[in-house]
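The structure file model30.cif is reproduced below (mmCIF, C-alpha atoms).
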data_target
#
loop_
_atom_site.label_atom_id
_atom_site.label_comp_id
_atom_site.auth_asym_id
_atom_site.auth_seq_id
_atom_site.Cartn_x
_atom_site.Cartn_y
_atom_site.Cartn_z
CA MET N 1 -8.10 -29.78 3.40
CA PHE N 2 -6.12 -26.61 4.12
CA ASN N 3 -7.06 -23.81 6.48
CA VAL N 4 -5.14 -20.58 5.76
CA SER N 5 -5.23 -17.88 8.43
CA VAL N 6 -3.35 -14.77 9.53
CA ASP N 7 -2.85 -13.29 12.99
CA ASN N 8 -0.28 -11.13 14.76
CA TYR N 9 2.29 -13.93 14.35
CA GLY N 10 1.89 -14.04 10.57
CA ILE N 11 0.42 -16.56 8.11
CA THR N 12 -0.42 -20.11 9.18
CA VAL N 13 -1.44 -23.12 7.11
CA ASP N 14 -3.21 -25.94 8.94
CA ASN N 15 -3.94 -29.14 7.03
CA GLU N 16 -5.41 -30.96 10.08
CA SER N 17 -2.36 -33.20 10.56
CA LYS N 18 0.20 -30.38 10.96
CA LYS N 19 0.34 -26.64 11.42
CA ILE N 20 2.93 -24.66 9.42
CA SER N 21 3.88 -21.04 10.17
CA LEU N 22 5.10 -19.10 7.12
CA ASP N 23 7.76 -16.45 7.79
CA PRO N 24 6.40 -15.64 11.29
CA ASN N 25 7.45 -12.40 12.97
CA LYS N 26 7.70 -14.04 16.42
CA GLN N 27 7.74 -17.50 17.98
CA PRO N 28 4.52 -19.25 16.90
CA ASN N 29 2.70 -22.25 18.30
CA SER N 30 3.04 -24.58 15.31
CA ASP N 31 4.59 -27.85 14.22
CA PHE N 32 6.78 -26.34 11.52
CA ILE N 33 8.25 -22.92 10.81
CA PHE N 34 9.12 -22.09 7.21
CA ILE N 35 11.66 -19.30 6.62
CA SER N 36 11.67 -18.28 2.97
CA HIS N 37 14.85 -16.16 2.97
CA ALA N 38 17.23 -14.18 5.16
CA HIS N 39 15.94 -10.62 4.87
CA THR N 40 15.32 -9.28 8.35
CA ASP N 41 11.60 -8.67 7.78
CA HIS N 42 11.21 -12.42 7.25
CA LEU N 43 13.22 -13.48 10.30
CA TYR N 44 12.39 -13.37 13.99
CA LYS N 45 14.45 -13.46 17.18
CA ASN N 46 13.85 -14.90 20.66
CA VAL N 47 13.76 -18.43 19.28
CA ARG N 48 13.07 -21.23 21.74
CA GLU N 49 15.51 -23.74 20.36
CA TYR N 50 14.08 -27.08 19.27
CA SER N 51 10.49 -26.03 20.09
CA ASN N 52 9.59 -26.04 16.38
CA LYS N 53 10.95 -27.79 13.31
CA ILE N 54 12.64 -25.17 11.12
CA ILE N 55 12.31 -25.58 7.35
CA THR N 56 14.59 -23.44 5.23
CA SER N 57 17.40 -23.69 2.69
CA LYS N 58 20.96 -24.25 3.85
CA ILE N 59 21.96 -20.90 2.37
CA THR N 60 19.20 -19.02 4.18
CA HIS N 61 20.09 -20.78 7.42
CA LYS N 62 23.77 -19.83 7.06
CA ILE N 63 23.01 -16.17 6.28
CA ALA N 64 20.47 -15.94 9.12
CA MET N 65 22.97 -17.40 11.59
CA HIS N 66 25.58 -14.93 10.35
CA ARG N 67 23.11 -12.10 11.03
CA GLY N 68 22.64 -13.24 14.63
CA TYR N 69 19.52 -15.41 14.37
CA LYS N 70 19.81 -18.75 16.18
CA TYR N 71 17.50 -21.41 14.80
CA GLY N 72 19.39 -24.58 15.58
CA ASP N 73 19.52 -27.26 12.90
CA THR N 74 17.06 -27.25 10.02
CA TYR N 75 14.58 -30.09 9.69
CA GLU N 76 15.23 -32.05 6.49
CA LYS N 77 12.65 -34.90 6.55
CA HIS N 78 9.56 -32.76 6.17
CA GLY N 79 8.02 -34.00 2.91
CA PHE N 80 7.53 -30.49 1.53
CA LYS N 81 9.14 -29.07 -1.61
CA LEU N 82 11.34 -25.97 -1.51
CA LEU N 83 11.39 -24.12 -4.84
CA ASP N 84 13.77 -21.30 -5.83
CA THR N 85 11.94 -17.95 -5.88
CA GLY N 86 14.70 -15.91 -7.56
CA HIS N 87 14.50 -13.19 -4.89
CA ILE N 88 17.92 -13.43 -3.24
CA LEU N 89 20.44 -16.23 -2.85
CA GLY N 90 18.84 -19.09 -0.91
CA SER N 91 15.26 -17.78 -1.18
CA ASN N 92 12.58 -20.44 -1.55
CA GLY N 93 8.85 -20.86 -1.75
CA LEU N 94 7.11 -23.78 -0.05
CA LEU N 95 4.95 -26.33 -1.90
CA ILE N 96 2.78 -28.33 0.50
CA GLU N 97 1.41 -31.70 -0.68
CA ASP N 98 1.58 -30.43 -4.30
CA ASP N 99 -1.62 -28.49 -3.60
CA LEU N 100 -0.65 -25.26 -1.80
CA TYR N 101 2.20 -22.97 -2.81
CA TYR N 102 3.54 -20.10 -0.69
CA THR N 103 5.82 -17.78 -2.67
CA GLY N 104 7.57 -15.77 0.01
CA ASP N 105 9.20 -12.88 -1.88
CA ILE N 106 9.54 -13.74 -5.55
CA SER N 107 11.04 -12.58 -8.87
CA ILE N 108 10.67 -14.18 -12.29
CA ARG N 109 13.33 -12.01 -13.97
CA LYS N 110 16.89 -13.13 -14.54
CA ARG N 111 19.22 -10.60 -12.91
CA ALA N 112 22.97 -11.21 -13.27
CA PHE N 113 23.57 -14.54 -11.46
CA MET N 114 20.01 -14.75 -10.10
CA ASN N 115 17.74 -17.08 -12.08
CA PRO N 116 13.96 -16.66 -12.40
CA ALA N 117 11.67 -18.36 -9.90
CA VAL N 118 10.43 -21.90 -10.39
CA ILE N 119 6.62 -21.77 -10.53
CA PRO N 120 4.64 -24.94 -9.75
CA GLN N 121 0.98 -25.57 -10.46
CA ALA N 122 -1.11 -25.67 -7.29
CA LYS N 123 -4.75 -25.44 -6.26
CA ILE N 124 -4.03 -22.80 -3.61
CA LEU N 125 -1.57 -19.94 -4.10
CA ILE N 126 -0.37 -17.60 -1.35
CA ILE N 127 1.42 -14.85 -3.24
CA GLU N 128 3.26 -11.72 -2.11
CA SER N 129 1.84 -8.47 -3.43
CA THR N 130 4.55 -5.97 -2.52
CA PHE N 131 4.12 -4.34 -5.93
CA GLY N 132 0.57 -5.51 -6.52
CA HIS N 133 -0.57 -2.24 -8.06
CA ALA N 134 -0.71 -1.43 -11.78
CA ASP N 135 1.42 1.68 -11.18
CA TYR N 136 4.43 -0.55 -10.56
CA ILE N 137 5.74 -1.77 -13.92
CA PHE N 138 9.52 -2.16 -14.04
CA PRO N 139 11.80 -1.65 -17.05
CA ARG N 140 13.96 -4.52 -18.25
CA PHE N 141 16.93 -5.29 -16.01
CA GLU N 142 19.33 -4.75 -18.91
CA SER N 143 17.87 -1.31 -19.62
CA THR N 144 18.44 -0.15 -16.03
CA ILE N 145 22.01 -1.45 -16.03
CA HIS N 146 22.70 0.24 -19.38
CA LYS N 147 21.34 3.57 -18.12
CA THR N 148 23.48 3.29 -14.99
CA ASN N 149 26.61 2.58 -17.02
CA LEU N 150 25.95 5.70 -19.10
CA ILE N 151 25.67 7.84 -15.96
CA ILE N 152 28.84 6.36 -14.46
CA SER N 153 30.71 6.86 -17.74
CA GLU N 154 29.75 10.53 -17.88
CA MET N 155 30.76 11.05 -14.24
CA TYR N 156 34.10 9.29 -14.75
CA HIS N 157 34.72 11.52 -17.78
CA GLN N 158 34.24 14.52 -15.49
CA GLY N 159 36.34 13.01 -12.69
CA ILE N 160 33.35 12.65 -10.35
CA PRO N 161 33.04 9.60 -8.03
CA VAL N 162 29.76 7.66 -7.95
CA ILE N 163 27.90 5.89 -5.13
CA LEU N 164 25.50 3.04 -5.94
CA LEU N 165 23.03 2.19 -3.18
CA GLY N 166 20.98 -0.97 -2.67
CA TYR N 167 19.87 -3.32 0.09
CA THR N 168 22.84 -4.85 1.93
CA LEU N 169 21.68 -8.39 1.18
CA GLY N 170 20.54 -9.21 -2.34
CA LYS N 171 20.60 -5.97 -4.33
CA ALA N 172 24.16 -5.03 -3.32
CA GLN N 173 25.55 -8.37 -4.53
CA ILE N 174 23.93 -7.87 -7.94
CA LEU N 175 25.43 -4.36 -8.10
CA THR N 176 28.85 -5.74 -7.15
CA ASN N 177 28.59 -8.31 -9.92
CA VAL N 178 27.31 -6.19 -12.82
CA PHE N 179 29.47 -3.12 -12.18
CA ARG N 180 32.75 -4.93 -11.37
CA HIS N 181 34.34 -3.61 -14.58
CA TRP N 182 34.58 -0.08 -13.10
CA LYS N 183 37.86 0.68 -11.30
CA PRO N 184 38.50 1.25 -8.55
CA LEU N 185 35.45 -0.57 -7.19
CA ILE N 186 34.91 -0.02 -3.48
CA VAL N 187 32.37 -1.88 -1.36
CA HIS N 188 31.00 -0.88 2.03
CA ASP N 189 32.23 -3.24 4.74
CA SER N 190 28.72 -4.45 5.66
CA ILE N 191 28.13 -5.44 2.04
CA HIS N 192 31.52 -7.14 1.93
CA GLU N 193 30.32 -9.42 4.76
CA MET N 194 27.36 -10.54 2.64
CA ASN N 195 29.57 -10.83 -0.47
CA LYS N 196 31.80 -13.29 1.39
CA LEU N 197 28.80 -15.51 2.13
CA TYR N 198 27.73 -15.40 -1.53
CA SER N 199 31.26 -16.45 -2.51
CA GLU N 200 31.07 -19.43 -0.16
CA PHE N 201 28.04 -20.63 -2.13
CA GLY N 202 29.68 -20.30 -5.53
CA VAL N 203 28.85 -16.73 -6.61
CA ASP N 204 32.14 -15.00 -7.40
CA MET N 205 32.52 -11.62 -5.69
CA TYR N 206 35.89 -10.18 -6.54
CA ASN N 207 37.91 -7.25 -7.93
CA TYR N 208 37.00 -4.74 -5.24
CA VAL N 209 38.39 -3.27 -2.04
CA THR N 210 36.45 -2.58 1.15
CA PHE N 211 35.60 0.98 2.14
CA SER N 212 37.74 0.76 5.29
CA ASP N 213 40.77 -0.37 3.25
CA ALA N 214 40.13 2.33 0.65
CA GLU N 215 40.11 5.02 3.36
CA LYS N 216 43.20 3.61 5.02
CA ASN N 217 45.09 3.54 1.72
CA ASN N 218 43.93 7.01 0.62
CA MET N 219 42.09 5.65 -2.43
CA LEU N 220 39.18 8.07 -2.02
CA SER N 221 39.65 11.41 -3.73
CA SER N 222 37.65 14.41 -4.93
CA TYR N 223 39.84 14.63 -8.03
CA LYS N 224 39.80 11.06 -9.36
CA PRO N 225 36.65 8.99 -10.00
CA TRP N 226 35.84 5.83 -8.10
CA LEU N 227 32.73 3.67 -7.63
CA LEU N 228 31.35 2.85 -4.18
CA ILE N 229 28.58 0.35 -3.47
CA ALA N 230 26.85 1.23 -0.21
CA PRO N 231 23.72 0.19 1.74
CA LEU N 232 20.50 2.01 0.96
CA GLY N 233 20.29 2.70 4.69
CA SER N 234 23.20 5.11 4.19
CA CYS N 235 20.61 7.64 3.09
CA LYS N 236 19.29 7.87 6.63
CA ASN N 237 22.29 7.20 8.88
CA GLY N 238 24.44 10.11 7.66
CA PHE N 239 27.00 8.06 5.73
CA LEU N 240 25.77 9.15 2.30
CA LYS N 241 25.70 12.81 3.28
CA TYR N 242 29.24 12.53 4.66
CA ILE N 243 30.61 10.97 1.44
CA LYS N 244 28.79 13.39 -0.85
CA ASN N 245 29.96 16.44 1.11
CA LYS N 246 33.55 15.29 1.43
CA TYR N 247 34.14 13.99 -2.09
CA GLY N 248 31.41 15.56 -4.24
CA ALA N 249 30.15 12.13 -5.25
CA LEU N 250 26.99 11.53 -7.26
CA SER N 251 24.47 9.04 -5.80
CA ILE N 252 22.32 6.46 -7.60
CA GLY N 253 19.83 4.35 -5.65
CA PHE N 254 18.08 1.18 -6.85
CA SER N 255 14.60 0.11 -5.80
CA GLY N 256 11.28 -0.96 -7.23
CA TRP N 257 9.77 2.03 -5.42
CA ALA N 258 11.78 4.29 -7.74
CA VAL N 259 8.92 3.95 -10.24
CA LYS N 260 7.53 6.89 -8.29
CA PRO N 261 9.62 10.04 -8.94
CA TYR N 262 9.33 11.32 -5.36
CA TYR N 263 11.27 8.33 -3.99
CA LYS N 264 14.68 9.79 -4.86
CA PHE N 265 13.79 13.06 -3.16
CA ALA N 266 12.61 11.22 -0.04
CA LEU N 267 16.05 9.61 0.24
CA GLY N 268 18.08 12.60 -0.93
CA LEU N 269 19.51 10.86 -4.00
CA ASP N 270 20.67 12.34 -7.30
CA TYR N 271 19.17 9.42 -9.24
CA CYS N 272 17.01 6.47 -8.31
CA LEU N 273 16.36 3.75 -10.87
CA PRO N 274 13.74 0.97 -10.81
CA LEU N 275 15.49 -2.27 -9.99
CA SER N 276 13.78 -4.79 -7.75
CA ASP N 277 14.21 -8.30 -6.41
CA HIS N 278 10.40 -8.63 -6.43
CA CYS N 279 7.88 -9.19 -9.21
CA ASP N 280 6.25 -6.09 -10.64
CA TYR N 281 2.49 -6.03 -11.24
CA ARG N 282 2.64 -7.79 -14.61
CA ASP N 283 5.07 -10.40 -13.31
CA LEU N 284 2.70 -11.21 -10.44
CA ILE N 285 -0.07 -11.85 -12.96
CA THR N 286 2.31 -14.11 -14.89
CA VAL N 287 3.08 -16.12 -11.75
CA ILE N 288 -0.65 -16.61 -11.13
CA LYS N 289 -1.33 -17.75 -14.68
CA ARG N 290 1.54 -20.25 -14.54
CA CYS N 291 0.42 -21.59 -11.18
CA SER N 292 -3.23 -21.83 -12.34
CA PRO N 293 -4.71 -21.89 -8.81
CA GLU N 294 -8.34 -22.29 -7.82
CA LYS N 295 -7.88 -20.01 -4.78
CA ILE N 296 -5.45 -17.10 -4.29
CA TYR N 297 -4.40 -15.36 -1.10
CA THR N 298 -2.40 -12.11 -1.31
CA PHE N 299 -0.08 -10.76 1.38
CA HIS N 300 2.22 -7.77 1.99
CA GLY N 301 2.16 -4.38 0.30
CA PHE N 302 -0.92 -3.89 -1.87
CA ALA N 303 -2.58 -7.11 -0.69
CA GLU N 304 -6.16 -5.79 -0.61
CA HIS N 305 -5.85 -3.77 -3.82
CA PHE N 306 -4.25 -6.66 -5.70
CA ALA N 307 -6.87 -9.15 -4.52
CA GLY N 308 -9.54 -6.75 -5.77
CA ASP N 309 -7.89 -6.54 -9.18
CA LEU N 310 -7.66 -10.33 -9.35
CA ARG N 311 -11.35 -10.71 -8.57
CA LYS N 312 -12.15 -8.35 -11.46
CA MET N 313 -10.10 -10.71 -13.68
CA GLY N 314 -12.22 -13.66 -12.57
CA PHE N 315 -9.97 -15.16 -9.90
CA ASP N 316 -11.10 -16.22 -6.43
CA ALA N 317 -8.74 -14.00 -4.43
CA SER N 318 -8.65 -12.79 -0.81
CA PRO N 319 -6.10 -10.62 1.03
CA LEU N 320 -4.37 -11.98 4.14
CA ILE N 321 -4.41 -8.96 6.41
CA TYR N 322 -4.34 -9.05 10.18
CA SER N 323 -6.97 -6.52 11.21
CA GLN N 324 -7.10 -6.40 15.00
CA GLY N 325 -8.96 -3.19 15.80
CA LYS N 326 -9.03 -0.95 12.73
CA ARG N 327 -5.50 -1.36 11.49
CA ASN N 328 -4.84 0.06 8.01
CA THR N 329 -5.25 -2.72 5.45
CA SER N 330 -2.29 -1.67 3.30
CA GLU N 331 1.21 -0.88 4.50
CA LYS N 332 2.48 2.64 3.99
CA LEU N 333 5.42 3.08 1.63
CA ASP N 334 7.53 4.38 4.53
CA ALA N 335 7.41 0.90 6.01
CA PHE N 336 9.18 -0.43 2.93
CA PHE N 337 11.63 2.47 2.72
CA ASP N 338 12.79 1.65 6.25
CA LYS N 339 13.76 -1.91 5.30
CA SER N 340 17.13 -0.75 4.01
CA ASN N 341 19.03 -3.22 6.20
CA SER N 342 17.26 -6.13 4.58
#
For the structure just supplied, provide its representation as structure tokens.
Amino acid sequence: MFNVSVDNYGITVDNESKKISLDPNKQPNSDFIFISHAHTDHLYKNVREYSNKIITSKITHKIAMHRGYKYGDTYEKHGFKLLDTGHILGSNGLLIEDDLYYTGDISIRKRAFMNPAVIPQAKILIIESTFGHADYIFPRFESTIHKTNLIISEMYHQGIPVILLGYTLGKAQILTNVFRHWKPLIVHDSIHEMNKLYSEFGVDMYNYVTFSDAEKNNMLSSYKPWLLIAPLGSCKNGFLKYIKNKYGALSIGFSGWAVKPYYKFALGLDYCLPLSDHCDYRDLITVIKRCSPEKIYTFHGFAEHFAGDLRKMGFDASPLIYSQGKRNTSEKLDAFFDKSNS
């Protein structure tokens, strides 16, 4: 029998014989800690080494260590199943005793080298609901890439450089891969660091120069077009403004939040196109139907709203929301916008 709970540490599953913390935000008191992937909002610092058994993929462990998180060795003999969630390289969901499945962040769309998530059947499903609102329906991946290529082509024809912006880990590697045919292709140095890790695990990242090398070799110009891939956080740290002012570049951001037209204005972008490493609303419903659970727990984003929609569809669904005091039951969009270093 499973007991699923949430507190200020995060989500915990207790099956009487062992307690498992799922993507905790600080050191929990549990037997096992599962880390689904290496985005910073799913990692925690101040680890007491060897106090818990860490369960995660080798890729996630390597990326987390590279980002300064020290978890010691991962625990291999745990008896759980790790299933690819298609979110970023190394991302996994956790299947416990073939009865409970925790998705972590998940995508069921093929995107460049990223394959769709593997969905098991389970009696209990703990599913992310970042975009668990019917407003968030994404276009096909190929359509977004085609539209971007048309914009770049028009800018190149006019001699205008272009900046593509996405999360440093995950989105930026997809952008590097699908737009590698544009020359010269320049990649921000922080993204290059993540690209190198992807290359170590068999995803080719090539045919580009780093931003620092491009500056040093005078490759950046206001008169000749070039393509730069930069972190979405550049919108807030002054880097984007500096590049746009100096070179007259056009900016295109990529995010699932771009479904809402005000998102591009909030970040000061010329364009912002819907492209996400998460499921949209319809995809989340598809995951649930494939899993065929008896009980559903929703977490993150529109957790309460999505659980309400699921109940209207006939599912037994409850949101996992820590509500000490009278904390708002749904995260504000600004909280997601600020995760640009993920």
### Message
For this structure, which residues satisfy the selection - the PyMOL selection byres ((chain N and resi 163-175) around 8) - when it is evaluated on the file as given? I want them as a ChimeraX atom specification.
### Response
/N:39,87-89,111-113,161-162,176-179,190-191,194-195,198,205,227-234,249-255,276-277,340-342
### Task
Apply the PyMOL selection byres ((chain N and resi 213-221) around 12) to the structure shown and report the selected residues as a ChimeraX atom specification.
/N:159-163,183-189,192,208-212,222-228,243-249
#### Entry: range 311-317 of chain N environment, 7 Å, only C-alpha atoms, sequence neighbours closer than 3 positions dropped, as a VMD selection string
chain N and resid 294 to 297 307 to 308
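Between CA of Leu197 in chain N and CA of Glu128 in chain N there is a distance of 26.2 Å.
Counting from CA of Lys58 in chain N, the distance to CA of Thr74 in chain N is 7.9 Å.
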### Query
CA of Asn207 in chain N and CA of Arg180 in chain N are how many Å apart?
6.6 Å
### Task
Identify, on the basis of only C-alpha atoms, every residue whose closest approach to Ser5 in chain N does not exceed 9 Å; exclude the query and any residue fewer than 4 positions from it along the same chain; express the result as a list in words.
Gly10, Ile11, Thr12, Val13, Asp14 and Leu320 of chain N
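Evaluated on this file, the PyMOL selection byres ((chain N and resi 65) around 12) matches N:His37, N:Ala38, N:His39, N:Thr40, N:Leu43, N:Tyr44, N:Lys45, N:Lys58, N:Ile59, N:Thr60, N:His61, N:Lys62, N:Ile63, N:Ala64, N:His66, N:Arg67, N:Gly68, N:Tyr69, N:Lys70, N:Tyr71, N:Gly72, N:Asp73, N:Thr74, N:Leu197.
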Output file for the residues above (C-alpha atoms, as a PDB file, in the coordinates of the input):
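Listing of selection03.pdb after writing:
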ATOM      1  CA  HIS N  37      14.850 -16.160   2.970  1.00  0.00           C
ATOM      2  CA  ALA N  38      17.230 -14.180   5.160  1.00  0.00           C
ATOM      3  CA  HIS N  39      15.940 -10.620   4.870  1.00  0.00           C
ATOM      4  CA  THR N  40      15.320  -9.280   8.350  1.00  0.00           C
ATOM      5  CA  LEU N  43      13.220 -13.480  10.300  1.00  0.00           C
ATOM      6  CA  TYR N  44      12.390 -13.370  13.990  1.00  0.00           C
ATOM      7  CA  LYS N  45      14.450 -13.460  17.180  1.00  0.00           C
ATOM      8  CA  LYS N  58      20.960 -24.250   3.850  1.00  0.00           C
ATOM      9  CA  ILE N  59      21.960 -20.900   2.370  1.00  0.00           C
ATOM     10  CA  THR N  60      19.200 -19.020   4.180  1.00  0.00           C
ATOM     11  CA  HIS N  61      20.090 -20.780   7.420  1.00  0.00           C
ATOM     12  CA  LYS N  62      23.770 -19.830   7.060  1.00  0.00           C
ATOM     13  CA  ILE N  63      23.010 -16.170   6.280  1.00  0.00           C
ATOM     14  CA  ALA N  64      20.470 -15.940   9.120  1.00  0.00           C
ATOM     15  CA  HIS N  66      25.580 -14.930  10.350  1.00  0.00           C
ATOM     16  CA  ARG N  67      23.110 -12.100  11.030  1.00  0.00           C
ATOM     17  CA  GLY N  68      22.640 -13.240  14.630  1.00  0.00           C
ATOM     18  CA  TYR N  69      19.520 -15.410  14.370  1.00  0.00           C
ATOM     19  CA  LYS N  70      19.810 -18.750  16.180  1.00  0.00           C
ATOM     20  CA  TYR N  71      17.500 -21.410  14.800  1.00  0.00           C
ATOM     21  CA  GLY N  72      19.390 -24.580  15.580  1.00  0.00           C
ATOM     22  CA  ASP N  73      19.520 -27.260  12.900  1.00  0.00           C
ATOM     23  CA  THR N  74      17.060 -27.250  10.020  1.00  0.00           C
ATOM     24  CA  LEU N 197      28.800 -15.510   2.130  1.00  0.00           C
TER      25      LEU N 197
END
Selection: 7 Å around range 287-293 of chain N, only C-alpha atoms, excl. self and same-chain fewer than 5 positions, as an mmCIF file with C-alpha atoms, keeping the file's coordinate frame:
data_model
loop_
_atom_site.group_PDB
_atom_site.id
_atom_site.type_symbol
_atom_site.label_atom_id
_atom_site.label_comp_id
_atom_site.auth_asym_id
_atom_site.auth_seq_id
_atom_site.Cartn_x
_atom_site.Cartn_y
_atom_site.Cartn_z
ATOM 1 C CA ILE N 119 6.620 -21.770 -10.530
ATOM 2 C CA PRO N 120 4.640 -24.940 -9.750
ATOM 3 C CA GLN N 121 0.980 -25.570 -10.460
ATOM 4 C CA ALA N 122 -1.110 -25.670 -7.290
ATOM 5 C CA LYS N 123 -4.750 -25.440 -6.260
ATOM 6 C CA ILE N 124 -4.030 -22.800 -3.610
ATOM 7 C CA LEU N 125 -1.570 -19.940 -4.100
#
Take range 66-84 of chain N, bring it up to N, CA and C atoms, and give me the output as a short mmCIF file (atom, residue, chain, number, x, y, z; two decimals), keeping the file's coordinate frame.
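Here's the written file result.cif:
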data_model
loop_
_atom_site.label_atom_id
_atom_site.label_comp_id
_atom_site.auth_asym_id
_atom_site.auth_seq_id
_atom_site.Cartn_x
_atom_site.Cartn_y
_atom_site.Cartn_z
N HIS N 66 24.56 -15.97 10.43
CA HIS N 66 25.58 -14.93 10.35
C HIS N 66 25.03 -13.59 10.84
N ARG N 67 23.74 -13.36 10.63
CA ARG N 67 23.11 -12.10 11.03
C ARG N 67 22.63 -12.12 12.49
N GLY N 68 22.94 -13.20 13.20
CA GLY N 68 22.64 -13.24 14.63
C GLY N 68 21.37 -13.96 15.02
N TYR N 69 20.73 -14.65 14.07
CA TYR N 69 19.52 -15.41 14.37
C TYR N 69 19.90 -16.86 14.66
N LYS N 70 19.40 -17.42 15.75
CA LYS N 70 19.81 -18.75 16.18
C LYS N 70 18.62 -19.70 16.09
N TYR N 71 18.61 -20.51 15.04
CA TYR N 71 17.50 -21.41 14.80
C TYR N 71 17.83 -22.88 15.03
N GLY N 72 19.03 -23.18 15.46
CA GLY N 72 19.39 -24.58 15.58
C GLY N 72 19.48 -25.23 14.21
N ASP N 73 19.44 -26.55 14.18
CA ASP N 73 19.52 -27.26 12.90
C ASP N 73 18.20 -27.19 12.15
N THR N 74 18.28 -27.21 10.83
CA THR N 74 17.06 -27.25 10.02
C THR N 74 16.53 -28.67 9.95
N TYR N 75 15.23 -28.79 9.76
CA TYR N 75 14.58 -30.09 9.69
C TYR N 75 14.49 -30.52 8.23
N GLU N 76 15.11 -31.64 7.89
CA GLU N 76 15.23 -32.05 6.49
C GLU N 76 14.11 -33.01 6.05
N LYS N 77 13.60 -33.86 6.94
CA LYS N 77 12.65 -34.90 6.55
C LYS N 77 11.21 -34.41 6.74
N HIS N 78 10.86 -33.39 5.96
CA HIS N 78 9.56 -32.76 6.17
C HIS N 78 8.53 -33.10 5.09
N GLY N 79 8.96 -33.62 3.96
CA GLY N 79 8.02 -34.00 2.91
C GLY N 79 7.48 -32.86 2.08
N PHE N 80 7.94 -31.63 2.33
CA PHE N 80 7.53 -30.49 1.53
C PHE N 80 8.56 -30.25 0.43
N LYS N 81 8.21 -29.42 -0.54
CA LYS N 81 9.14 -29.07 -1.61
C LYS N 81 9.53 -27.61 -1.48
N LEU N 82 10.83 -27.33 -1.50
CA LEU N 82 11.34 -25.97 -1.51
C LEU N 82 11.72 -25.62 -2.95
N LEU N 83 11.18 -24.52 -3.45
CA LEU N 83 11.39 -24.12 -4.84
C LEU N 83 12.01 -22.73 -4.88
N ASP N 84 13.05 -22.57 -5.70
CA ASP N 84 13.77 -21.30 -5.83
C ASP N 84 12.80 -20.20 -6.26
#
